[in-house]
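Participant: Please find one structure pasted underneath; my questions will follow.
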Amino acid sequence: MATPTPLVFAYYVTGHGFGHATRVVEVARHLIDAGHLVHVVTAAPDYVFTSEIQSPNLFLRRVLLDCGAVQSDALTVDRLASLEKYSQTAVIPRESILASEVAWLKSIKADLVVSDVVPIACRAAADAGIRSVCITNFSWDFIYADYVMAAGHHHRSIILQIAEDYSHCEFLIRLPGFCPMPAFRDVVDVPLVVRRLHKSREEVRKELGVGDDVKLLIFNFGGQPAGWTLKEEYLPTGWKCLVCGASDDQELPPNFIKLPKEAYTPDVIAASDCMLGKIGYGTSSEAMAYKLPFIFVRRDYFNEEPFLRNIIEHYKGGVEMIRRDLLSGCWQPYIEHAISLKPCYNRDINGGEVAARILQDTAQGNTHTKYKACGARRLRDAIVLGYQLRGISERNANVPDWYVHAPFPLQEHEQSISNEEIHIPDFEVLHGDLQGLSDTASFLKALGELSAIDFERDNKDQLRERLAAARLFNWEEEIFVARAPGRLDVMGGIADYSGSLVLQMPIKEACHAAVQKNHPSKQKLWKHAQARHHSDSDKQTPILEIVSFGADLSNRGPTFDMDISDFMDGEQPISYEAARNYFSRDTSQRWAAYVAGAILVLMTELGVRFEDSISIVISSAVPEGKGVSSSAAVEVASMSAIAAAHGLKIAPRDIALLCQKVENHIVGAPCGVMDQMASACGENNKLLAMVCQPAEVLGLVDIPSHIKFWGIDSGLRHSVGGSDYGSVRIGTFMGRKMMKSMASNKVKENNSDEMGRNSTELLEAEASLAYLCNLPPHRYEGGYANKLPERITGEEFLTKYASHDDPVTVVNKDLTYAVKAPTAHPVYENSRVKAFKSLLTAAASDEQLSALGELMYQCHYSYSACGLGSVGTDRLVELVQMMRLSGTLYGAKITGGGSGGTVCVMGEKSVRSSEQIREIQQRYKSATGFMPYVFEGSSPGAGKFGYLKIRRRSSPKADLAAASAVLNGVHV
């Protein structure tokens with residue numbers, strides 16, 4: 001590679017992380033070995049370069065020309081701060097930077113500018129009349145594009161400027177694990193750039209004092225001290241942990257070893273058995289190259305990560321750890337899983353040498369350019385693709401298999417990501433898109449495993465529900481799949497049935513429903529169903545069969561079947577009351593009302609008639625009884641899948657309203673509509689804003705980038721069918737009826753001239769008040785608050801008012817109901833929710849967070865005044881309040897129907913907040929003996945997900961199993 005005339009390379013390194021600097025070291029080393037001069041422009045410490053390259057041909061110039069992504073902690077990127085710092089670093093001083101760099105490039109007589117991947121370096125090279133090349137796996141226009149969306153109208157020009165700067169680059173040397181980089185029109189792919197090893201595994205372990213019999217975990221978060229507390233019990237027996245980037249004063253347990261700051265990471269990686277850290281190019285490439293299993297924890301808002309994650313997982317080298325388990329020390333299951341992997345990256349790892357050769361050829365005047373589009377064309381493509389490209393819709397020769405896995409949400413006008421590439425080899429996806437949802441991919445995988453069960457061999461190893469589900473479908477026919485998440489009640493809660501504004505967030509936990517319809521003659525039946533339904537062989541009756549996974553966890557029967565004709569009374573559907581009685585006969589199968597009730601509601605409300613048999617599999621990850629709408633998730637998923645299977649096009653809002661009828665009238669739970677609306681109409685990482693009169697969706701509210709919501713389970717089971725919730729609802733409607741009566745009497749008793757026209761109109765409106773939340777708090781306080789009774793018996797109320805005018809609850813004359821507190825709650829809650837919604841759009845400040853938290857606390861204590869509090873939820877709220885004295889959690893409230901269930905917590909989006917959530921878990925466990933589950937994260941609603949239509953790929957083994965199933969039947 002050596003040449004007679006040394007070339008001069010100006011190599012610019014981005015200020016984001018050490019990964020860029022370490023790969024620059026490898027490329028620069030090869031250039032210097034070939035006799036060339038390399039000037040590195042960087043903000044990284046000198047030792048990163050000098051520890052590997054000892055040569056007078058290496059020149060280091062300490063200059064920061066971009067800032068990368070600003071991290072508020074080891075796992076959290078601050079999007080707005082990143083844009084603001086980039087503006088301060090590269091935008092405001094732009095003219096002076098360009099002048100300085102042009103002069104410097106000319107002074108060193110650079111033959112080629114190389115950028116990894118500093119935008120302004122490309123423009124400076126062009127102004128100096130020097131060719132430039134970029135080498136990277138991502139570009140800042142793509143990374144920042146998503147940040148700009150969160151920043152509103154601020155900093156939008158940054159993306160355009162970066163794209164324009166990159167357009168001056170001659171071509172891109174693209175590394176594996178790459179993101180979409182639309183600013184570059186010409187691309188040359190190279191292998192992984194990986195630092196070489198200096199020492200053997202044995203040498204490294206000997207220096208560390210670690211024997212061959214000891215298992216080593218390397219704790220590597222990219223050189224940024226995490227500052228987390230590490231405990232001895234985090235590691236399995238016989239393991240030691242090597243900690244990178246630990247601060248000098250950090251105390252470590254005896255089985256943790258602090259590595260020196262200048263430790264050569266590749267040698268340590270090759271000497272270890274497993275790595276735990278965050279994903280970055282440096283750690284990922286070296287883990288793959290040296291076949292080290294990598295347990296990774298996701299960062300927030302760094303768009304490079306999914307692409308690196310996909311290549312790691314594609315080559316069987318990665319295990320994802322959730323942040324909560326990282327902080328709580330639940331490491332052992334992940335370590336055990338990781339060491340069972342067999343990483344298989346078998347591609348070349350000499351990217352540094354290959355890239356250096358390309359750079360040398362380019363500097364000597366050779367070209368790798370296939371064509372050169374005009375600047376306007378490049379800029380247009382950068383703008384369009386940089387904002388819209390979240391995956392890839394078609395394959396081409398330059399796209400490796402792992403690339404298409406990128407789980408970015410697609411825009412509505414984009415084509416689907418290829419479902420075939422998301423590890424669902426058992427099925428062909430005929431319609432729909434998995435949208436990168438791992439739980440959906442897992443559900444399809446589970447269906448594939450069911451289709452391949454060998455009944456004669458596998459019976460002893462399978463749960464009863466799995467065997468029942470395996471024989472449920474005709475696997476060669478189409479199956480329709482829908483997905484609906486649970487929801488976290490951020491604000492609004494029980495005020496929904498009084499017409500309040502509510503704010504609801506769909507959670508990541510969701511329910512999947514798979515539905516298939518078949519002619520009755522083709523329906524596979526369990527043996528007990530065969531005996532009951534086919535005693536008359538000439539009679540073919542449409543049959544409904546349902547399997548619900550996880551039945552053992554909820555103490556319910558895993559299967560349910562019925563004649564669909566049971567829903568008919570002659571030519572008309574049976575009444576909802578009759579259906580409620582039908583499902584109440586067997587408490588172990590009462591759960592089926594949530595699923596099968598959708599069929600009766602479609603019959604009754606839309607006139608649908610079902611001539612075919614229906615098979616349904618339900619699999620829900622939404623915990624039951626936690627106040628996060630597990631029932632709504634089941635209802636919405638079931639209704640959506642049944643509608644899709646029968647070609648019914650029903651809008652998400654209408655799906656929600658139909659599902660509310662299932663719960664109100666067939667299940668018999670007097671809930672409002674917010675749960676179903678959030679599950680059907682919600683979107684990922686947004687709050688659904690809805691006025692429940694009856695269901696007017698106002699839109700989606702962005703959750704500010706500095707705010708995060710968690711749900712913490714109190715361990716006390718909640719149910720909207722419980723007597724507390726129903727009694728409070730009855731008391732609320734009683735109060736409305738009383739106030740309407742008071743207003744009507746005032747209109748009758750007083751002369752309109754004396755009262756004034758406006759007063760009369762107000763009273764007339766209140767006399768016909770449809771929704772209690774339409775009454776302003778000042779009118780409630782001025783005219784009614786002191787006149788409502790604290791409590792009243794059902795008999796006394798019915799005697800005076802006849803009815804409370806609520807179609808889904810019944811007043812029991814023998815009970816006493818609270819009235820004043822349940823009536824006041826929705827009046828004030830509606831105002832609180834409106835204020836909360838407005839505050840979310842205010843400037844980020846401690847005052848904003850404190851005000852939001854105060855509204856949540858007011859809501860919580862109003863619940864308690866109604867009688868819907870609980871010891872567990874009160875304790876969790878108190879723990880949050882205690883944390884506020886020295887932390888970043890600002891508010892908490894009981895959710896949904898109250899009386900237990902989950903507490904919603906609001907705080908800053910940071911690792912500190914996550915640590916406080918973990919501490920609350922531990923304190924709650926110490927006080928109660930119960931470790932609460934934490935709900936964290938969001939996902940799209942059923943409407944956004946749509947539906948999948950799938951069909952199994954042909955398999956001789958599966959065909960044989962299916963034939964055996966038809967012949968043999970099954971006992972359930």
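So you can find residues: chains in the structure tokens are A, B, ... in the order shown, residues in each start at 1, and ligands are numbered from 1 in order.
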Could you list, as a PyMOL selection string, every residue within 9 Å of Val827 in chain A, counting only C-alpha atoms and ignoring same-chain residues fewer than 2 positions away?

Facilitator: chain A and resi 495+498+500+772-777+780+823-825+829-831

Participant: Report as a Markdown table: every residue of range 47-104 of chain A with an atom at most 12 Å from range 126-150 of chain A, its closest pair of atoms, and their distance in Å to one decimal, counting only C-alpha atoms, with rows sorted by chain and ascending residue number.

Facilitator:
```
| residue | atom | partner | partner_atom | distance |
| --- | --- | --- | --- | --- |
| A:Asp66 | CA | A:Trp140 | CA | 9.8 |
| A:Cys67 | CA | A:Trp140 | CA | 10.3 |
| A:Gly68 | CA | A:Trp140 | CA | 7.7 |
| A:Ala69 | CA | A:Tyr144 | CA | 8.6 |
| A:Val70 | CA | A:Tyr144 | CA | 11.4 |
| A:Val77 | CA | A:Tyr147 | CA | 9.9 |
| A:Asp78 | CA | A:Tyr147 | CA | 8.9 |
| A:Arg79 | CA | A:Tyr147 | CA | 5.2 |
| A:Leu80 | CA | A:Tyr147 | CA | 6.8 |
| A:Ala81 | CA | A:Tyr147 | CA | 9.7 |
| A:Ser82 | CA | A:Tyr147 | CA | 8.2 |
| A:Leu83 | CA | A:Tyr147 | CA | 7.4 |
| A:Glu84 | CA | A:Val148 | CA | 10.6 |
| A:Tyr86 | CA | A:Tyr144 | CA | 10.1 |
| A:Ser87 | CA | A:Tyr144 | CA | 11.9 |
| A:Glu95 | CA | A:Asp127 | CA | 11.8 |
| A:Ile97 | CA | A:Asp127 | CA | 11.9 |
| A:Leu98 | CA | A:Asp127 | CA | 8.2 |
| A:Ala99 | CA | A:Asp127 | CA | 9.1 |
| A:Ser100 | CA | A:Ala128 | CA | 10.8 |
| A:Glu101 | CA | A:Ala128 | CA | 8.5 |
| A:Val102 | CA | A:Ala128 | CA | 5.2 |
| A:Ala103 | CA | A:Ala128 | CA | 7.8 |
| A:Trp104 | CA | A:Ala128 | CA | 9.4 |
```

Participant: Write out, as a PDB file, in the first residue's frame, the residues just selected, with N, CA and C atoms.

Facilitator:
```pdb
ATOM      1  N   ASP A  66     -18.687  19.958  16.169  1.00  0.00           N
ATOM      2  CA  ASP A  66     -20.082  19.575  16.372  1.00  0.00           C
ATOM      3  C   ASP A  66     -20.166  18.881  17.731  1.00  0.00           C
ATOM      4  N   CYS A  67     -21.380  18.705  18.223  1.00  0.00           N
ATOM      5  CA  CYS A  67     -21.527  18.198  19.591  1.00  0.00           C
ATOM      6  C   CYS A  67     -22.162  16.831  19.656  1.00  0.00           C
ATOM      7  N   GLY A  68     -22.647  16.328  18.529  1.00  0.00           N
ATOM      8  CA  GLY A  68     -23.332  15.044  18.572  1.00  0.00           C
ATOM      9  C   GLY A  68     -24.650  15.135  19.303  1.00  0.00           C
ATOM     10  N   ALA A  69     -24.948  14.107  20.087  1.00  0.00           N
ATOM     11  CA  ALA A  69     -26.182  14.065  20.873  1.00  0.00           C
ATOM     12  C   ALA A  69     -25.841  14.290  22.333  1.00  0.00           C
ATOM     13  N   VAL A  70     -26.478  15.259  22.932  1.00  0.00           N
ATOM     14  CA  VAL A  70     -26.248  15.562  24.344  1.00  0.00           C
ATOM     15  C   VAL A  70     -27.040  14.571  25.190  1.00  0.00           C
ATOM     16  N   VAL A  77     -30.930  10.624  25.879  1.00  0.00           N
ATOM     17  CA  VAL A  77     -30.529  11.727  25.017  1.00  0.00           C
ATOM     18  C   VAL A  77     -31.514  12.873  25.203  1.00  0.00           C
ATOM     19  N   ASP A  78     -31.003  14.059  25.408  1.00  0.00           N
ATOM     20  CA  ASP A  78     -31.827  15.262  25.519  1.00  0.00           C
ATOM     21  C   ASP A  78     -31.919  15.884  24.133  1.00  0.00           C
ATOM     22  N   ARG A  79     -33.050  15.702  23.474  1.00  0.00           N
ATOM     23  CA  ARG A  79     -33.178  16.119  22.077  1.00  0.00           C
ATOM     24  C   ARG A  79     -33.051  17.626  21.910  1.00  0.00           C
ATOM     25  N   LEU A  80     -33.795  18.372  22.719  1.00  0.00           N
ATOM     26  CA  LEU A  80     -33.758  19.819  22.572  1.00  0.00           C
ATOM     27  C   LEU A  80     -32.382  20.370  22.926  1.00  0.00           C
ATOM     28  N   ALA A  81     -31.766  19.833  23.995  1.00  0.00           N
ATOM     29  CA  ALA A  81     -30.433  20.294  24.374  1.00  0.00           C
ATOM     30  C   ALA A  81     -29.420  19.975  23.283  1.00  0.00           C
ATOM     31  N   SER A  82     -29.589  18.844  22.595  1.00  0.00           N
ATOM     32  CA  SER A  82     -28.682  18.490  21.503  1.00  0.00           C
ATOM     33  C   SER A  82     -28.748  19.527  20.391  1.00  0.00           C
ATOM     34  N   LEU A  83     -29.954  19.908  20.020  1.00  0.00           N
ATOM     35  CA  LEU A  83     -30.108  20.902  18.959  1.00  0.00           C
ATOM     36  C   LEU A  83     -29.581  22.264  19.387  1.00  0.00           C
ATOM     37  N   GLU A  84     -29.851  22.623  20.637  1.00  0.00           N
ATOM     38  CA  GLU A  84     -29.398  23.922  21.114  1.00  0.00           C
ATOM     39  C   GLU A  84     -27.870  23.982  21.184  1.00  0.00           C
ATOM     40  N   TYR A  86     -25.796  22.144  19.386  1.00  0.00           N
ATOM     41  CA  TYR A  86     -25.278  22.152  18.022  1.00  0.00           C
ATOM     42  C   TYR A  86     -25.362  23.558  17.438  1.00  0.00           C
ATOM     43  N   SER A  87     -26.455  24.241  17.736  1.00  0.00           N
ATOM     44  CA  SER A  87     -26.599  25.614  17.262  1.00  0.00           C
ATOM     45  C   SER A  87     -25.492  26.502  17.814  1.00  0.00           C
ATOM     46  N   GLU A  95     -19.641  31.148  10.246  1.00  0.00           N
ATOM     47  CA  GLU A  95     -18.783  31.881   9.324  1.00  0.00           C
ATOM     48  C   GLU A  95     -17.338  31.879   9.787  1.00  0.00           C
ATOM     49  N   ILE A  97     -15.962  29.632  11.718  1.00  0.00           N
ATOM     50  CA  ILE A  97     -15.461  28.260  11.602  1.00  0.00           C
ATOM     51  C   ILE A  97     -14.996  27.994  10.182  1.00  0.00           C
ATOM     52  N   LEU A  98     -15.830  28.352   9.217  1.00  0.00           N
ATOM     53  CA  LEU A  98     -15.474  28.106   7.819  1.00  0.00           C
ATOM     54  C   LEU A  98     -14.181  28.825   7.446  1.00  0.00           C
ATOM     55  N   ALA A  99     -14.074  30.087   7.862  1.00  0.00           N
ATOM     56  CA  ALA A  99     -12.866  30.845   7.531  1.00  0.00           C
ATOM     57  C   ALA A  99     -11.628  30.189   8.142  1.00  0.00           C
ATOM     58  N   SER A 100     -11.739  29.767   9.400  1.00  0.00           N
ATOM     59  CA  SER A 100     -10.602  29.155  10.076  1.00  0.00           C
ATOM     60  C   SER A 100     -10.224  27.823   9.442  1.00  0.00           C
ATOM     61  N   GLU A 101     -11.224  27.001   9.132  1.00  0.00           N
ATOM     62  CA  GLU A 101     -10.936  25.674   8.586  1.00  0.00           C
ATOM     63  C   GLU A 101     -10.378  25.751   7.171  1.00  0.00           C
ATOM     64  N   VAL A 102     -10.907  26.649   6.377  1.00  0.00           N
ATOM     65  CA  VAL A 102     -10.377  26.805   5.016  1.00  0.00           C
ATOM     66  C   VAL A 102      -8.913  27.212   5.077  1.00  0.00           C
ATOM     67  N   ALA A 103      -8.625  28.180   5.952  1.00  0.00           N
ATOM     68  CA  ALA A 103      -7.234  28.628   6.077  1.00  0.00           C
ATOM     69  C   ALA A 103      -6.342  27.498   6.573  1.00  0.00           C
ATOM     70  N   TRP A 104      -6.826  26.714   7.544  1.00  0.00           N
ATOM     71  CA  TRP A 104      -6.017  25.626   8.089  1.00  0.00           C
ATOM     72  C   TRP A 104      -5.781  24.535   7.054  1.00  0.00           C
TER      73      TRP A 104
END
```

Participant: Need to verify the contact set: range 555-567 of chain A, 6 Å, only C-alpha atoms, exclusion of same-chain residues closer than 4 positions in sequence. Can you return it as a ChimeraX atom specification?

Facilitator: /A:465,542-548,551,573-574,588-589

Participant: Check range 887-931 of chain A with DSSP on the backbone and list each residue it calls strand (DSSP E or B), as an MDAnalysis selection string.

Facilitator: chainID A and resid 889:894 902:908

Participant: Calculated over only C-alpha atoms, which of the candidates A:Ala446, A:Ala363, A:Cys659, A:Ile159 has the smallest distance to Lys109 in chain A?

Facilitator: A:Ala363

Participant: Could you name the residues that touch Val622 in chain A at 7 Å or less, counting only C-alpha atoms, but leaving out those on the same chain fewer than 2 positions away, as a tab-separated table (two decimals) with all heavy atoms, in the first residue's frame?

Facilitator:
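Here's the written file result-v8.tsv:
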```
chain	number	residue	atom	x	y	z
A	486	GLY	N	-53.31	-1.82	26.50
A	486	GLY	CA	-53.96	-1.25	27.67
A	486	GLY	C	-53.71	0.25	27.70
A	486	GLY	O	-53.12	0.82	26.77
A	509	GLU	N	-47.86	-2.75	26.96
A	509	GLU	CA	-48.51	-4.05	27.14
A	509	GLU	C	-49.80	-4.07	26.34
A	509	GLU	O	-50.60	-3.14	26.40
A	509	GLU	CB	-48.78	-4.31	28.61
A	509	GLU	CG	-47.55	-4.55	29.46
A	509	GLU	CD	-46.82	-3.29	29.89
A	509	GLU	OE1	-47.33	-2.19	29.57
A	509	GLU	OE2	-45.78	-3.37	30.54
A	510	ALA	N	-50.01	-5.15	25.59
A	510	ALA	CA	-51.16	-5.20	24.68
A	510	ALA	C	-51.75	-6.60	24.62
A	510	ALA	O	-51.15	-7.58	25.06
A	510	ALA	CB	-50.74	-4.74	23.28
A	511	CYS	N	-52.94	-6.65	24.04
A	511	CYS	CA	-53.64	-7.92	23.79
A	511	CYS	C	-53.65	-8.19	22.29
A	511	CYS	O	-53.87	-7.28	21.49
A	511	CYS	CB	-55.07	-7.85	24.31
A	511	CYS	SG	-56.08	-9.29	23.90
A	620	SER	N	-53.03	-11.96	25.94
A	620	SER	CA	-52.90	-10.59	26.46
A	620	SER	C	-51.75	-10.47	27.44
A	620	SER	O	-51.60	-11.29	28.34
A	620	SER	CB	-54.19	-10.14	27.14
A	620	SER	OG	-54.07	-8.80	27.60
A	624	GLU	N	-54.23	-8.14	34.49
A	624	GLU	CA	-55.62	-7.96	34.90
A	624	GLU	C	-55.70	-7.38	36.31
A	624	GLU	O	-54.86	-7.67	37.16
A	624	GLU	CB	-56.36	-9.29	34.84
A	624	GLU	CG	-56.42	-9.88	33.44
A	624	GLU	CD	-57.08	-11.24	33.42
A	624	GLU	OE1	-57.97	-11.48	34.27
A	624	GLU	OE2	-56.72	-12.07	32.57
A	630	SER	N	-57.21	-3.83	31.11
A	630	SER	CA	-57.02	-5.12	30.47
A	630	SER	C	-58.28	-5.55	29.74
A	630	SER	O	-58.21	-6.14	28.65
A	630	SER	CB	-56.63	-6.17	31.50
A	630	SER	OG	-57.64	-6.30	32.51
```

Participant: Excluding range 517-523 of chain A and its own-chain neighbours fewer than 4 positions away, which residues fall within 8 Å of it when counting only C-alpha atoms? Please give them as a PyMOL selection string.

Facilitator: chain A and resi 474+540-543+611-615+645-646

Participant: Grab the residues selected above and save them as a compact mmCIF listing (two decimals), in the first residue's frame with N, CA, C and O atoms.

Facilitator:
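The result, stored in selection08.txt:
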```
# COMPACT_ATOMS: atom_id res chain seq x y z
N ASN A 474 -57.57 -23.98 11.03
CA ASN A 474 -57.12 -24.61 9.80
C ASN A 474 -55.92 -23.79 9.32
O ASN A 474 -56.08 -22.68 8.80
N GLN A 540 -75.46 -28.53 10.35
CA GLN A 540 -74.20 -27.81 10.41
C GLN A 540 -74.44 -26.45 11.06
O GLN A 540 -74.98 -25.54 10.45
N THR A 541 -74.04 -26.34 12.29
CA THR A 541 -74.29 -25.15 13.09
C THR A 541 -73.02 -24.33 13.22
O THR A 541 -71.98 -24.87 13.62
N PRO A 542 -73.06 -23.03 12.92
CA PRO A 542 -71.88 -22.18 13.16
C PRO A 542 -71.53 -22.17 14.65
O PRO A 542 -72.40 -22.00 15.50
N ILE A 543 -70.28 -22.36 14.93
CA ILE A 543 -69.81 -22.51 16.30
C ILE A 543 -68.70 -21.49 16.57
O ILE A 543 -67.87 -21.21 15.71
N GLU A 611 -72.72 -16.46 9.49
CA GLU A 611 -73.10 -17.75 8.93
C GLU A 611 -71.99 -18.78 9.07
O GLU A 611 -72.22 -19.97 8.90
N ASP A 612 -70.77 -18.31 9.35
CA ASP A 612 -69.62 -19.21 9.46
C ASP A 612 -69.24 -19.42 10.92
O ASP A 612 -69.57 -18.62 11.80
N SER A 613 -68.52 -20.51 11.16
CA SER A 613 -67.95 -20.74 12.48
C SER A 613 -66.77 -19.78 12.67
O SER A 613 -66.16 -19.31 11.71
N ILE A 614 -66.47 -19.51 13.92
CA ILE A 614 -65.41 -18.55 14.25
C ILE A 614 -64.49 -19.17 15.30
O ILE A 614 -64.95 -19.69 16.33
N SER A 615 -63.19 -19.10 15.04
CA SER A 615 -62.18 -19.54 16.00
C SER A 615 -61.36 -18.34 16.43
O SER A 615 -60.95 -17.54 15.59
N ALA A 645 -61.89 -10.03 9.95
CA ALA A 645 -62.12 -11.35 9.37
C ALA A 645 -63.40 -11.40 8.55
O ALA A 645 -63.52 -12.20 7.62
N HIS A 646 -64.34 -10.52 8.87
CA HIS A 646 -65.63 -10.53 8.16
C HIS A 646 -65.78 -9.35 7.21
O HIS A 646 -66.89 -9.06 6.74
```
